[in-house]
$ cat start-v7.pdb   # PDB, C-alpha atoms
MODEL        1
ATOM      1  CA  MET A   1     -75.194 100.163  82.647
ATOM      2  CA  ASN A   2     -71.866 100.314  80.809
ATOM      3  CA  ALA A   3     -70.725 102.599  78.022
ATOM      4  CA  ASP A   4     -71.877 100.184  75.335
ATOM      5  CA  ASP A   5     -75.361 100.118  76.868
ATOM      6  CA  ASP A   6     -75.416 103.932  76.881
ATOM      7  CA  ALA A   7     -74.475 103.983  73.201
ATOM      8  CA  ARG A   8     -77.236 101.556  72.317
ATOM      9  CA  THR A   9     -79.967 103.417  74.203
ATOM     10  CA  ALA A  10     -78.991 107.027  73.469
ATOM     11  CA  PRO A  11     -81.112 108.730  70.782
ATOM     12  CA  SER A  12     -79.304 108.607  67.428
ATOM     13  CA  GLU A  13     -79.334 110.968  64.484
ATOM     14  CA  HIS A  14     -81.405 108.401  62.593
ATOM     15  CA  ASP A  15     -83.939 108.219  65.439
ATOM     16  CA  GLU A  16     -84.367 111.987  65.332
ATOM     17  CA  LEU A  17     -84.706 111.991  61.534
ATOM     18  CA  LEU A  18     -87.382 109.319  61.512
ATOM     19  CA  ARG A  19     -89.318 110.935  64.354
ATOM     20  CA  ARG A  20     -89.734 113.999  62.123
ATOM     21  CA  LEU A  21     -91.275 112.032  59.251
ATOM     22  CA  PRO A  22     -95.070 112.356  59.216
ATOM     23  CA  GLY A  23     -96.854 109.345  60.668
ATOM     24  CA  LEU A  24     -93.748 107.302  61.481
ATOM     25  CA  SER A  25     -93.373 105.665  64.878
ATOM     26  CA  ASP A  26     -89.967 104.899  66.401
ATOM     27  CA  ALA A  27     -91.260 101.515  67.536
ATOM     28  CA  GLU A  28     -91.960 100.517  63.926
ATOM     29  CA  LEU A  29     -88.609 101.588  62.488
ATOM     30  CA  PRO A  30     -85.489  99.417  62.957
ATOM     31  CA  PHE A  31     -82.849 102.089  62.467
ATOM     32  CA  SER A  32     -81.299 102.896  65.802
ATOM     33  CA  GLY A  33     -77.805 101.719  66.657
ATOM     34  CA  HIS A  34     -77.114  98.065  65.968
ATOM     35  CA  HIS A  35     -80.471  97.623  64.182
ATOM     36  CA  LEU A  36     -79.265  99.852  61.341
ATOM     37  CA  ARG A  37     -76.018  97.905  61.007
ATOM     38  CA  GLU A  38     -77.915  94.614  60.967
ATOM     39  CA  LEU A  39     -80.233  95.929  58.235
ATOM     40  CA  LEU A  40     -77.344  96.996  56.018
ATOM     41  CA  MET A  41     -75.632  93.624  56.535
ATOM     42  CA  ARG A  42     -78.829  91.825  55.508
ATOM     43  CA  GLU A  43     -79.080  94.015  52.402
ATOM     44  CA  THR A  44     -75.510  93.185  51.441
ATOM     45  CA  ALA A  45     -76.083  89.463  52.034
ATOM     46  CA  ARG A  46     -79.087  89.504  49.692
ATOM     47  CA  GLY A  47     -76.925  90.786  46.854
ATOM     48  CA  THR A  48     -73.940  88.480  47.076
ATOM     49  CA  ARG A  49     -72.909  88.150  43.447
ATOM     50  CA  ALA A  50     -70.158  90.568  42.478
ATOM     51  CA  ALA A  51     -70.381  91.421  38.851
ATOM     52  CA  SER A  52     -69.166  93.185  35.869
ATOM     53  CA  ARG A  53     -72.646  92.685  34.576
ATOM     54  CA  ARG A  54     -73.499  94.775  31.605
ATOM     55  CA  PRO A  55     -71.193  96.143  28.898
ATOM     56  CA  GLY A  56     -72.706  99.551  29.584
ATOM     57  CA  ARG A  57     -75.275 101.179  31.839
ATOM     58  CA  ARG A  58     -78.147 103.354  30.696
ATOM     59  CA  LEU A  59     -81.296 104.757  32.146
ATOM     60  CA  VAL A  60     -84.386 103.144  30.683
ATOM     61  CA  LEU A  61     -87.620 105.096  30.542
ATOM     62  CA  SER A  62     -89.984 102.299  31.610
ATOM     63  CA  LEU A  63     -93.260 104.134  31.586
ATOM     64  CA  ALA A  64     -95.529 101.731  33.400
ATOM     65  CA  ALA A  65     -98.888 103.193  34.382
ATOM     66  CA  ALA A  66    -101.780 103.676  36.790
ATOM     67  CA  ALA A  67    -104.847 105.955  37.085
ATOM     68  CA  ALA A  68    -106.330 108.997  38.759
ATOM     69  CA  ALA A  69    -108.787 108.056  41.510
ATOM     70  CA  CYS A  70    -107.147 107.940  44.943
ATOM     71  CA  ALA A  71    -108.374 106.643  48.310
ATOM     72  CA  VAL A  72    -106.717 108.176  51.349
ATOM     73  CA  THR A  73    -107.160 105.114  53.547
ATOM     74  CA  VAL A  74    -104.724 102.310  52.832
ATOM     75  CA  SER A  75    -104.515  98.644  53.684
ATOM     76  CA  PHE A  76    -101.480  96.576  52.774
ATOM     77  CA  ALA A  77    -102.140  92.905  52.064
ATOM     78  CA  LEU A  78     -98.599  91.603  52.134
ATOM     79  CA  GLY A  79     -99.573  87.966  52.228
ATOM     80  CA  GLY A  80    -101.258  87.878  48.809
ATOM     81  CA  ARG A  81    -100.426  85.899  45.707
ATOM     82  CA  GLY A  82     -96.768  85.223  45.095
ATOM     83  CA  THR A  83     -94.953  87.578  42.757
ATOM     84  CA  GLY A  84     -91.384  87.065  43.926
ATOM     85  CA  ASP A  85     -88.210  86.355  42.004
ATOM     86  CA  ARG A  86     -87.896  83.083  43.913
ATOM     87  CA  PRO A  87     -89.751  81.052  46.567
ATOM     88  CA  GLY A  88     -89.251  82.517  50.027
ATOM     89  CA  ALA A  89     -88.212  85.952  48.793
ATOM     90  CA  ALA A  90     -87.806  88.472  51.587
ATOM     91  CA  THR A  91     -90.987  90.276  52.588
ATOM     92  CA  PRO A  92     -91.047  94.082  52.590
ATOM     93  CA  GLU A  93     -89.496  95.647  55.691
ATOM     94  CA  PRO A  94     -92.280  96.974  57.961
ATOM     95  CA  ALA A  95     -90.498 100.328  58.047
ATOM     96  CA  ALA A  96     -90.565 100.526  54.244
ATOM     97  CA  VAL A  97     -94.274  99.685  54.164
ATOM     98  CA  ARG A  98     -94.952 102.380  56.750
ATOM     99  CA  LEU A  99     -92.872 104.981  54.906
ATOM    100  CA  LEU A 100     -94.494 104.204  51.558
ATOM    101  CA  ASP A 101     -97.878 104.579  53.263
ATOM    102  CA  ARG A 102     -96.901 108.111  54.338
ATOM    103  CA  VAL A 103     -95.471 108.901  50.892
ATOM    104  CA  ALA A 104     -98.676 107.698  49.220
ATOM    105  CA  LEU A 105    -100.804 109.897  51.470
ATOM    106  CA  ALA A 106     -98.617 112.908  50.680
ATOM    107  CA  ALA A 107     -98.854 112.171  46.951
ATOM    108  CA  ALA A 108    -102.637 111.781  47.141
ATOM    109  CA  THR A 109    -103.065 115.271  48.589
ATOM    110  CA  ALA A 110    -100.799 117.008  46.052
ATOM    111  CA  PRO A 111    -102.607 119.278  43.571
ATOM    112  CA  ALA A 112    -103.212 117.735  40.167
ATOM    113  CA  PRO A 113    -101.627 119.596  37.242
ATOM    114  CA  ALA A 114    -104.088 121.553  35.126
ATOM    115  CA  VAL A 115    -103.726 120.152  31.624
ATOM    116  CA  ARG A 116    -105.602 120.167  28.336
ATOM    117  CA  ASP A 117    -105.256 118.096  25.204
ATOM    118  CA  GLY A 118    -102.466 119.225  22.918
ATOM    119  CA  GLN A 119    -100.187 120.224  25.792
ATOM    120  CA  PHE A 120     -97.037 118.519  27.105
ATOM    121  CA  MET A 121     -95.866 117.327  30.534
ATOM    122  CA  TYR A 122     -92.368 118.734  31.120
ATOM    123  CA  THR A 123     -89.730 117.108  33.345
ATOM    124  CA  LYS A 124     -86.120 118.154  33.815
ATOM    125  CA  THR A 125     -83.627 115.780  35.416
ATOM    126  CA  ILE A 126     -79.911 116.010  36.113
ATOM    127  CA  GLY A 127     -77.502 113.229  36.904
ATOM    128  CA  HIS A 128     -75.211 110.526  35.648
ATOM    129  CA  SER A 129     -74.964 106.848  34.882
ATOM    130  CA  THR A 130     -71.853 104.701  34.502
ATOM    131  CA  SER A 131     -70.518 102.789  31.522
ATOM    132  CA  LEU A 132     -67.840 100.111  31.374
ATOM    133  CA  THR A 133     -65.213 100.107  28.646
ATOM    134  CA  GLU A 134     -62.759  97.288  28.006
ATOM    135  CA  VAL A 135     -59.391  99.001  27.527
ATOM    136  CA  ARG A 136     -57.527  95.718  27.109
ATOM    137  CA  ILE A 137     -58.407  92.054  27.433
ATOM    138  CA  GLY A 138     -59.749  91.435  30.917
ATOM    139  CA  GLN A 139     -59.411  95.062  32.060
ATOM    140  CA  MET A 140     -62.542  97.191  32.381
ATOM    141  CA  VAL A 141     -62.676 100.906  33.165
ATOM    142  CA  ALA A 142     -65.801 102.593  34.590
ATOM    143  CA  ALA A 143     -66.600 106.123  33.465
ATOM    144  CA  PRO A 144     -69.532 108.452  34.228
ATOM    145  CA  THR A 145     -72.064 109.215  31.518
ATOM    146  CA  ASP A 146     -74.215 112.346  31.604
ATOM    147  CA  GLN A 147     -77.901 111.489  31.973
ATOM    148  CA  SER A 148     -79.290 115.012  32.336
ATOM    149  CA  ALA A 149     -82.338 115.556  30.149
ATOM    150  CA  GLU A 150     -85.481 117.567  29.496
ATOM    151  CA  ARG A 151     -88.595 115.632  28.416
ATOM    152  CA  TRP A 152     -91.875 116.771  26.896
ATOM    153  CA  LEU A 153     -94.476 113.983  27.129
ATOM    154  CA  PRO A 154     -97.727 114.588  25.205
ATOM    155  CA  VAL A 155    -100.912 114.876  27.220
ATOM    156  CA  ASP A 156    -103.173 113.178  24.667
ATOM    157  CA  GLY A 157    -100.885 111.398  22.206
ATOM    158  CA  SER A 158    -101.584 113.729  19.311
ATOM    159  CA  ALA A 159     -97.848 114.423  19.082
ATOM    160  CA  GLY A 160     -94.648 112.552  19.865
ATOM    161  CA  THR A 161     -92.360 112.716  22.895
ATOM    162  CA  VAL A 162     -89.366 115.061  22.739
ATOM    163  CA  VAL A 163     -86.167 114.464  24.735
ATOM    164  CA  ARG A 164     -83.405 117.086  24.842
ATOM    165  CA  THR A 165     -79.927 116.245  26.164
ATOM    166  CA  ALA A 166     -76.461 117.750  25.853
ATOM    167  CA  SER A 167     -75.932 115.685  22.689
ATOM    168  CA  GLY A 168     -79.042 116.933  20.921
ATOM    169  CA  THR A 169     -82.815 116.563  20.644
ATOM    170  CA  ASP A 170     -84.614 113.295  19.946
ATOM    171  CA  ARG A 171     -88.176 113.252  18.658
ATOM    172  CA  ILE A 172     -90.094 110.034  19.219
ATOM    173  CA  PRO A 173     -93.092 110.016  16.878
ATOM    174  CA  PRO A 174     -96.434 108.710  18.095
ATOM    175  CA  GLY A 175     -96.901 105.107  17.113
ATOM    176  CA  GLY A 176     -99.938 102.993  17.790
ATOM    177  CA  PRO A 177    -102.212 103.232  20.809
ATOM    178  CA  PRO A 178    -100.738 104.270  24.172
ATOM    179  CA  SER A 179     -99.616 101.468  26.449
ATOM    180  CA  LEU A 180     -97.866 100.828  29.742
ATOM    181  CA  SER A 181     -94.508 101.204  27.996
ATOM    182  CA  ARG A 182     -95.491 104.259  25.891
ATOM    183  CA  PRO A 183     -98.185 106.112  27.813
ATOM    184  CA  THR A 184     -99.743 109.494  27.418
ATOM    185  CA  TYR A 185    -101.008 111.505  30.361
ATOM    186  CA  ARG A 186    -104.602 110.721  29.399
ATOM    187  CA  PHE A 187    -103.752 107.020  29.274
ATOM    188  CA  LEU A 188    -102.314 107.198  32.776
ATOM    189  CA  GLU A 189    -105.674 108.481  33.984
ATOM    190  CA  THR A 190    -107.446 105.318  32.846
ATOM    191  CA  VAL A 191    -105.498 102.451  34.412
ATOM    192  CA  PRO A 192    -106.979 100.849  37.582
ATOM    193  CA  THR A 193    -105.538 102.120  40.872
ATOM    194  CA  ASP A 194    -106.275  99.143  43.090
ATOM    195  CA  PRO A 195    -102.745  98.331  44.360
ATOM    196  CA  ALA A 196    -103.062  94.563  43.832
ATOM    197  CA  GLU A 197    -104.444  94.962  40.314
ATOM    198  CA  LEU A 198    -101.872  97.588  39.427
ATOM    199  CA  LEU A 199     -99.004  95.458  40.713
ATOM    200  CA  GLU A 200    -100.246  92.485  38.718
ATOM    201  CA  LEU A 201    -100.165  94.624  35.551
ATOM    202  CA  LEU A 202     -96.555  95.524  36.282
ATOM    203  CA  TYR A 203     -95.623  91.928  37.076
ATOM    204  CA  LYS A 204     -97.263  90.634  33.911
ATOM    205  CA  ASP A 205     -94.792  92.631  31.842
ATOM    206  CA  ALA A 206     -91.907  91.924  34.247
ATOM    207  CA  ARG A 207     -92.451  88.164  34.111
ATOM    208  CA  ALA A 208     -92.664  88.186  30.323
ATOM    209  CA  HIS A 209     -89.352  89.984  29.871
ATOM    210  CA  HIS A 210     -87.444  89.170  33.080
ATOM    211  CA  GLY A 211     -88.967  85.916  34.336
ATOM    212  CA  PRO A 212     -87.839  82.296  33.942
ATOM    213  CA  GLY A 213     -86.685  81.499  30.440
ATOM    214  CA  SER A 214     -86.232  85.147  29.483
ATOM    215  CA  GLY A 215     -82.455  85.127  29.819
ATOM    216  CA  SER A 216     -82.656  88.170  32.095
ATOM    217  CA  THR A 217     -80.909  88.203  35.479
ATOM    218  CA  THR A 218     -83.036  91.102  36.746
ATOM    219  CA  GLY A 219     -86.054  89.066  37.854
ATOM    220  CA  PRO A 220     -89.705  90.179  38.128
ATOM    221  CA  ASP A 221     -89.446  91.714  41.622
ATOM    222  CA  GLN A 222     -86.542  93.982  40.760
ATOM    223  CA  GLN A 223     -87.988  94.897  37.376
ATOM    224  CA  ALA A 224     -91.336  95.872  38.938
ATOM    225  CA  PHE A 225     -89.510  98.062  41.469
ATOM    226  CA  VAL A 226     -87.384  99.697  38.754
ATOM    227  CA  ALA A 227     -90.372 100.256  36.448
ATOM    228  CA  ILE A 228     -92.329 102.045  39.185
ATOM    229  CA  GLY A 229     -89.357 104.241  40.044
ATOM    230  CA  ASP A 230     -88.666 105.104  36.403
ATOM    231  CA  LEU A 231     -92.236 106.216  35.847
ATOM    232  CA  LEU A 232     -92.484 108.303  39.012
ATOM    233  CA  ARG A 233     -89.191 110.021  38.238
ATOM    234  CA  SER A 234     -89.662 110.537  34.519
ATOM    235  CA  VAL A 235     -93.017 112.317  34.339
ATOM    236  CA  GLU A 236     -95.379 114.184  36.620
ATOM    237  CA  THR A 237     -98.346 111.900  37.149
ATOM    238  CA  PRO A 238    -101.886 112.433  38.466
ATOM    239  CA  PRO A 239    -101.917 112.326  42.284
ATOM    240  CA  GLY A 240    -103.910 109.103  42.306
ATOM    241  CA  LEU A 241    -101.422 107.429  39.992
ATOM    242  CA  SER A 242     -98.495 108.305  42.226
ATOM    243  CA  ALA A 243    -100.273 107.135  45.374
ATOM    244  CA  ALA A 244    -101.280 103.851  43.750
ATOM    245  CA  LEU A 245     -97.754 103.157  42.563
ATOM    246  CA  TYR A 246     -96.284 103.747  46.015
ATOM    247  CA  ARG A 247     -98.892 101.436  47.533
ATOM    248  CA  ALA A 248     -98.088  98.790  44.950
ATOM    249  CA  ALA A 249     -94.360  99.160  45.668
ATOM    250  CA  ALA A 250     -95.021  98.447  49.342
ATOM    251  CA  ARG A 251     -96.003  94.902  48.325
ATOM    252  CA  ILE A 252     -92.775  94.074  46.480
ATOM    253  CA  PRO A 253     -90.594  91.603  48.417
ATOM    254  CA  GLY A 254     -87.334  92.985  49.742
ATOM    255  CA  VAL A 255     -88.082  96.721  49.927
ATOM    256  CA  VAL A 256     -86.281  98.447  52.803
ATOM    257  CA  VAL A 257     -85.619 101.945  54.149
ATOM    258  CA  VAL A 258     -82.274 103.751  53.883
ATOM    259  CA  PRO A 259     -82.433 106.640  56.392
ATOM    260  CA  GLU A 260     -79.853 108.886  54.692
ATOM    261  CA  ALA A 261     -79.315 109.357  50.942
ATOM    262  CA  SER A 262     -78.339 112.206  48.615
ATOM    263  CA  ASP A 263     -79.561 112.836  45.079
ATOM    264  CA  ALA A 264     -77.656 114.143  42.061
ATOM    265  CA  ALA A 265     -78.527 117.730  43.017
ATOM    266  CA  GLY A 266     -76.929 117.308  46.453
ATOM    267  CA  ARG A 267     -80.235 117.217  48.324
ATOM    268  CA  THR A 268     -80.449 114.795  51.233
ATOM    269  CA  GLY A 269     -83.432 112.687  52.123
ATOM    270  CA  VAL A 270     -84.719 109.331  53.272
ATOM    271  CA  ALA A 271     -84.937 106.477  50.769
ATOM    272  CA  VAL A 272     -86.946 103.380  49.990
ATOM    273  CA  ALA A 273     -84.675 100.813  48.373
ATOM    274  CA  ARG A 274     -84.282  97.278  47.102
ATOM    275  CA  VAL A 275     -81.092  95.222  46.841
ATOM    276  CA  HIS A 276     -80.436  93.036  43.812
ATOM    277  CA  ASP A 277     -77.243  91.443  42.542
ATOM    278  CA  GLY A 278     -74.933  93.405  44.831
ATOM    279  CA  GLU A 279     -76.530  96.763  44.037
ATOM    280  CA  ARG A 280     -79.054  98.872  45.953
ATOM    281  CA  THR A 281     -81.653 100.857  43.971
ATOM    282  CA  GLU A 282     -82.964 103.810  45.998
ATOM    283  CA  TRP A 283     -85.865 106.242  45.666
ATOM    284  CA  ILE A 284     -85.008 109.391  47.625
ATOM    285  CA  PHE A 285     -87.698 111.493  49.327
ATOM    286  CA  ASP A 286     -87.591 114.894  51.015
ATOM    287  CA  LYS A 287     -87.583 114.347  54.781
ATOM    288  CA  GLU A 288     -90.284 116.929  55.442
ATOM    289  CA  SER A 289     -92.652 116.914  52.463
ATOM    290  CA  LEU A 290     -91.998 113.283  51.394
ATOM    291  CA  ARG A 291     -91.809 114.528  47.797
ATOM    292  CA  LEU A 292     -89.740 112.356  45.438
ATOM    293  CA  LEU A 293     -86.344 113.992  44.858
ATOM    294  CA  GLY A 294     -84.718 111.415  42.633
ATOM    295  CA  SER A 295     -83.136 107.983  42.554
ATOM    296  CA  ARG A 296     -79.739 106.367  42.619
ATOM    297  CA  GLU A 297     -77.997 102.984  42.430
ATOM    298  CA  VAL A 298     -75.197 102.087  44.855
ATOM    299  CA  VAL A 299     -72.842  99.109  44.617
ATOM    300  CA  LEU A 300     -72.554  97.206  47.905
ATOM    301  CA  GLU A 301     -69.356  95.314  47.195
ATOM    302  CA  ASP A 302     -66.185  95.910  45.211
ATOM    303  CA  ASN A 303     -66.575  94.986  41.541
ATOM    304  CA  SER A 304     -65.900  96.307  38.041
ATOM    305  CA  TRP A 305     -68.276  99.225  38.598
ATOM    306  CA  GLY A 306     -66.306 100.547  41.584
ATOM    307  CA  LYS A 307     -65.636 100.161  45.287
ATOM    308  CA  ALA A 308     -68.432  99.336  47.708
ATOM    309  CA  GLY A 309     -70.471 102.504  48.251
ATOM    310  CA  THR A 310     -69.897 103.868  44.738
ATOM    311  CA  VAL A 311     -72.964 105.613  43.300
ATOM    312  CA  VAL A 312     -73.110 104.263  39.746
ATOM    313  CA  THR A 313     -76.344 106.001  38.754
ATOM    314  CA  SER A 314     -77.910 109.108  40.264
ATOM    315  CA  VAL A 315     -80.739 111.178  38.788
ATOM    316  CA  ALA A 316     -82.530 114.120  40.440
ATOM    317  CA  VAL A 317     -85.820 115.676  39.388
ATOM    318  CA  VAL A 318     -85.266 119.443  39.393
ATOM    319  CA  ALA A 319     -88.275 120.827  37.483
ATOM    320  CA  ARG A 320     -91.759 119.805  36.377
ATOM    321  CA  GLY A 321     -94.637 121.569  34.705
ATOM    322  CA  VAL A 322     -96.977 121.874  31.729
ATOM    323  CA  THR A 323     -96.150 123.541  28.394
ATOM    324  CA  ASP A 324     -97.990 124.266  25.164
ATOM    325  CA  ARG A 325     -95.246 122.923  22.917
ATOM    326  CA  PRO A 326     -91.951 120.989  23.028
ATOM    327  CA  GLY A 327     -88.940 123.189  23.736
ATOM    328  CA  GLN A 328     -90.985 125.576  25.837
ATOM    329  CA  LEU A 329     -90.344 125.891  29.575
ATOM    330  CA  PRO A 330     -93.194 125.962  32.107
ATOM    331  CA  GLY A 331     -94.376 129.492  32.823
ATOM    332  CA  SER A 332     -92.774 131.013  29.725
TER
ENDMDL
END
$ encode --input "start-v7.pdb" --output "structure tokens"
Amino acid sequence: MNADDDARTAPSEHDELLRRLPGLSDAELPFSGHHLRELLMRETARGTRAASRRPGRRLVLSLAAAAAACAVTVSFALGGRGTGDRPGAATPEPAAVRLLDRVALAAATAPAPAVRDGQFMYTKTIGHSTSLTEVRIGQMVAAPTDQSAERWLPVDGSAGTVVRTASGTDRIPPGGPPSLSRPTYRFLETVPTDPAELLELLYKDARAHHGPGSGSTTGPDQQAFVAIGDLLRSVETPPGLSAALYRAAARIPGVVVVPEASDAAGRTGVAVARVHDGERTEWIFDKESLRLLGSREVVLEDNSWGKAGTVVTSVAVVARGVTDRPGQLPGS
């Protein structure tokens, strides 16, 4: 055995990390040595179009929904009806399916928040996005934009949502019945939690706004992945809702695992990700508890947004709770 053979067979830092994750088997995870490099190369190849895509970047609160009842046993039917952006879209990585299984089980056993009508679900996030500004014809400059915010989402819809940022406070009045795009906590308790049914609800909206003929370059697969991540990050949800969303995400073509990632608060974890259009969208989880820490977007090739490896968006969840009124902090 030569030195190269020793390097390939010696336990790596990634091997040790993944061994510590609850329920994960080394044999099912392709992240030692050359396997990790091959995975990252495949991710980059799937997002080959360099772009200065949007005139500006912003976080969109896509509050898609699910419900409360949660089954602890899980079966993933990855060969079901097609929902991909294109024929032959990459299937989910087995490691990502396995990790999302563990994350769903952890979410299912978390205590449900004690809420009553008239109260608000509080979430505090910190982080940044990136905007592009044209300083002269053909020259674009990328600059960070603060995306830190506090949100008070009504439990029952009797009041509006309140969002407080460094630039001020926005009050979004209640308007019409709750929906997947404007839910209340009570609404989230009513949506079916069967993963296939839930994913079809998400794809119905994604196809309408990001499918063929829509003019969008995002595509239904990526939009479904982003919508799930936005919801899970933006508001504390019933345990069954979280578990169902993770199980639905495990069916989206192209999801992979990134063994090392850091959130906007500097916390490190393991991530589930999807590559689209030269950019990797990551959900970052604590390595021990598998609790969601935050999300980020990383460019995989040099373009107007920055050099390959630049984190163009990063948001960390730093506080959650229940309050009696907007502006109040949990426990006060």
$ atom_distance --input "start-v7.pdb" --atom1 "atom CA of Leu300 of chain A" --atom2 "atom CA of Thr281 of chain A"
10.6 Å
$ resolve_selection --input "start-v7.pdb" --expression "the PyMOL selection byres ((chain A and resi 128) around 6)" --output "list in words"
Gly127, Ser129, Thr145, Asp146, Gln147, Thr313 and Ser314 of chain A
$ atom_distance --input "start-v7.pdb" --atom1 "atom CA of Ile172 of chain A" --atom2 "atom CA of Leu132 of chain A"
27.2 Å
$ resolve_selection --input "start-v7.pdb" --expression "the PyMOL selection byres ((chain A and resi 246-249) around 6)" --output "MDAnalysis selection string"
chainID A and resid 100 104 195 199 243:245 250:252
$ atom_distance --input "start-v7.pdb" --atom1 "atom CA of Arg233 of chain A" --atom2 "atom CA of Leu105 of chain A"
17.6 Å
$ residues_around --input "start-v7.pdb" --residues "Glu282 of chain A" --least-positions-apart "5" --cutoff "7 Å" --atoms "only C-alpha atoms" --output "list in words"
Ala271, Val272, Ala273, Arg274, Ser295, Arg296 and Glu297 of chain A
$ residues_around --input "start-v7.pdb" --residues "Thr130 of chain A" --least-positions-apart "2" --cutoff "6 Å" --atoms "only C-alpha atoms" --output "ChimeraX atom specification"
/A:57,143-145,312
$ write_last_selection --input "start-v7.pdb" --atoms "C-alpha atoms" --output "tab-separated table (two decimals), in the coordinates of the input"
chain	number	residue	atom	x	y	z
A	57	ARG	CA	-75.28	101.18	31.84
A	143	ALA	CA	-66.60	106.12	33.47
A	144	PRO	CA	-69.53	108.45	34.23
A	145	THR	CA	-72.06	109.22	31.52
A	312	VAL	CA	-73.11	104.26	39.75
$ resolve_selection --input "start-v7.pdb" --expression "the PyMOL selection byres ((chain A and resi 308) around 12)" --output "list in words"
Thr44, Ala50, Gly278, Glu279, Arg280, Glu297, Val298, Val299, Leu300, Glu301, Asp302, Asn303, Ser304, Trp305, Gly306, Lys307, Gly309, Thr310, Val311 and Val312 of chain A
$ residues_around --input "start-v7.pdb" --residues "Arg171 of chain A" --least-positions-apart "2" --cutoff "12 Å" --atoms "all atoms listed in the file" --output "list in words"
Glu150, Arg151, Trp152, Leu153, Pro154, Ala159, Gly160, Thr161, Val162, Val163, Arg164, Thr165, Gly168, Thr169, Pro173, Pro174, Pro326 and Gly327 of chain A
$ closest_residue --input "start-v7.pdb" --among "A:Gly157, A:Asp170, A:Lys287, A:Thr237" --to "Pro259 of chain A" --atoms "all atoms listed in the file"
A:Lys287
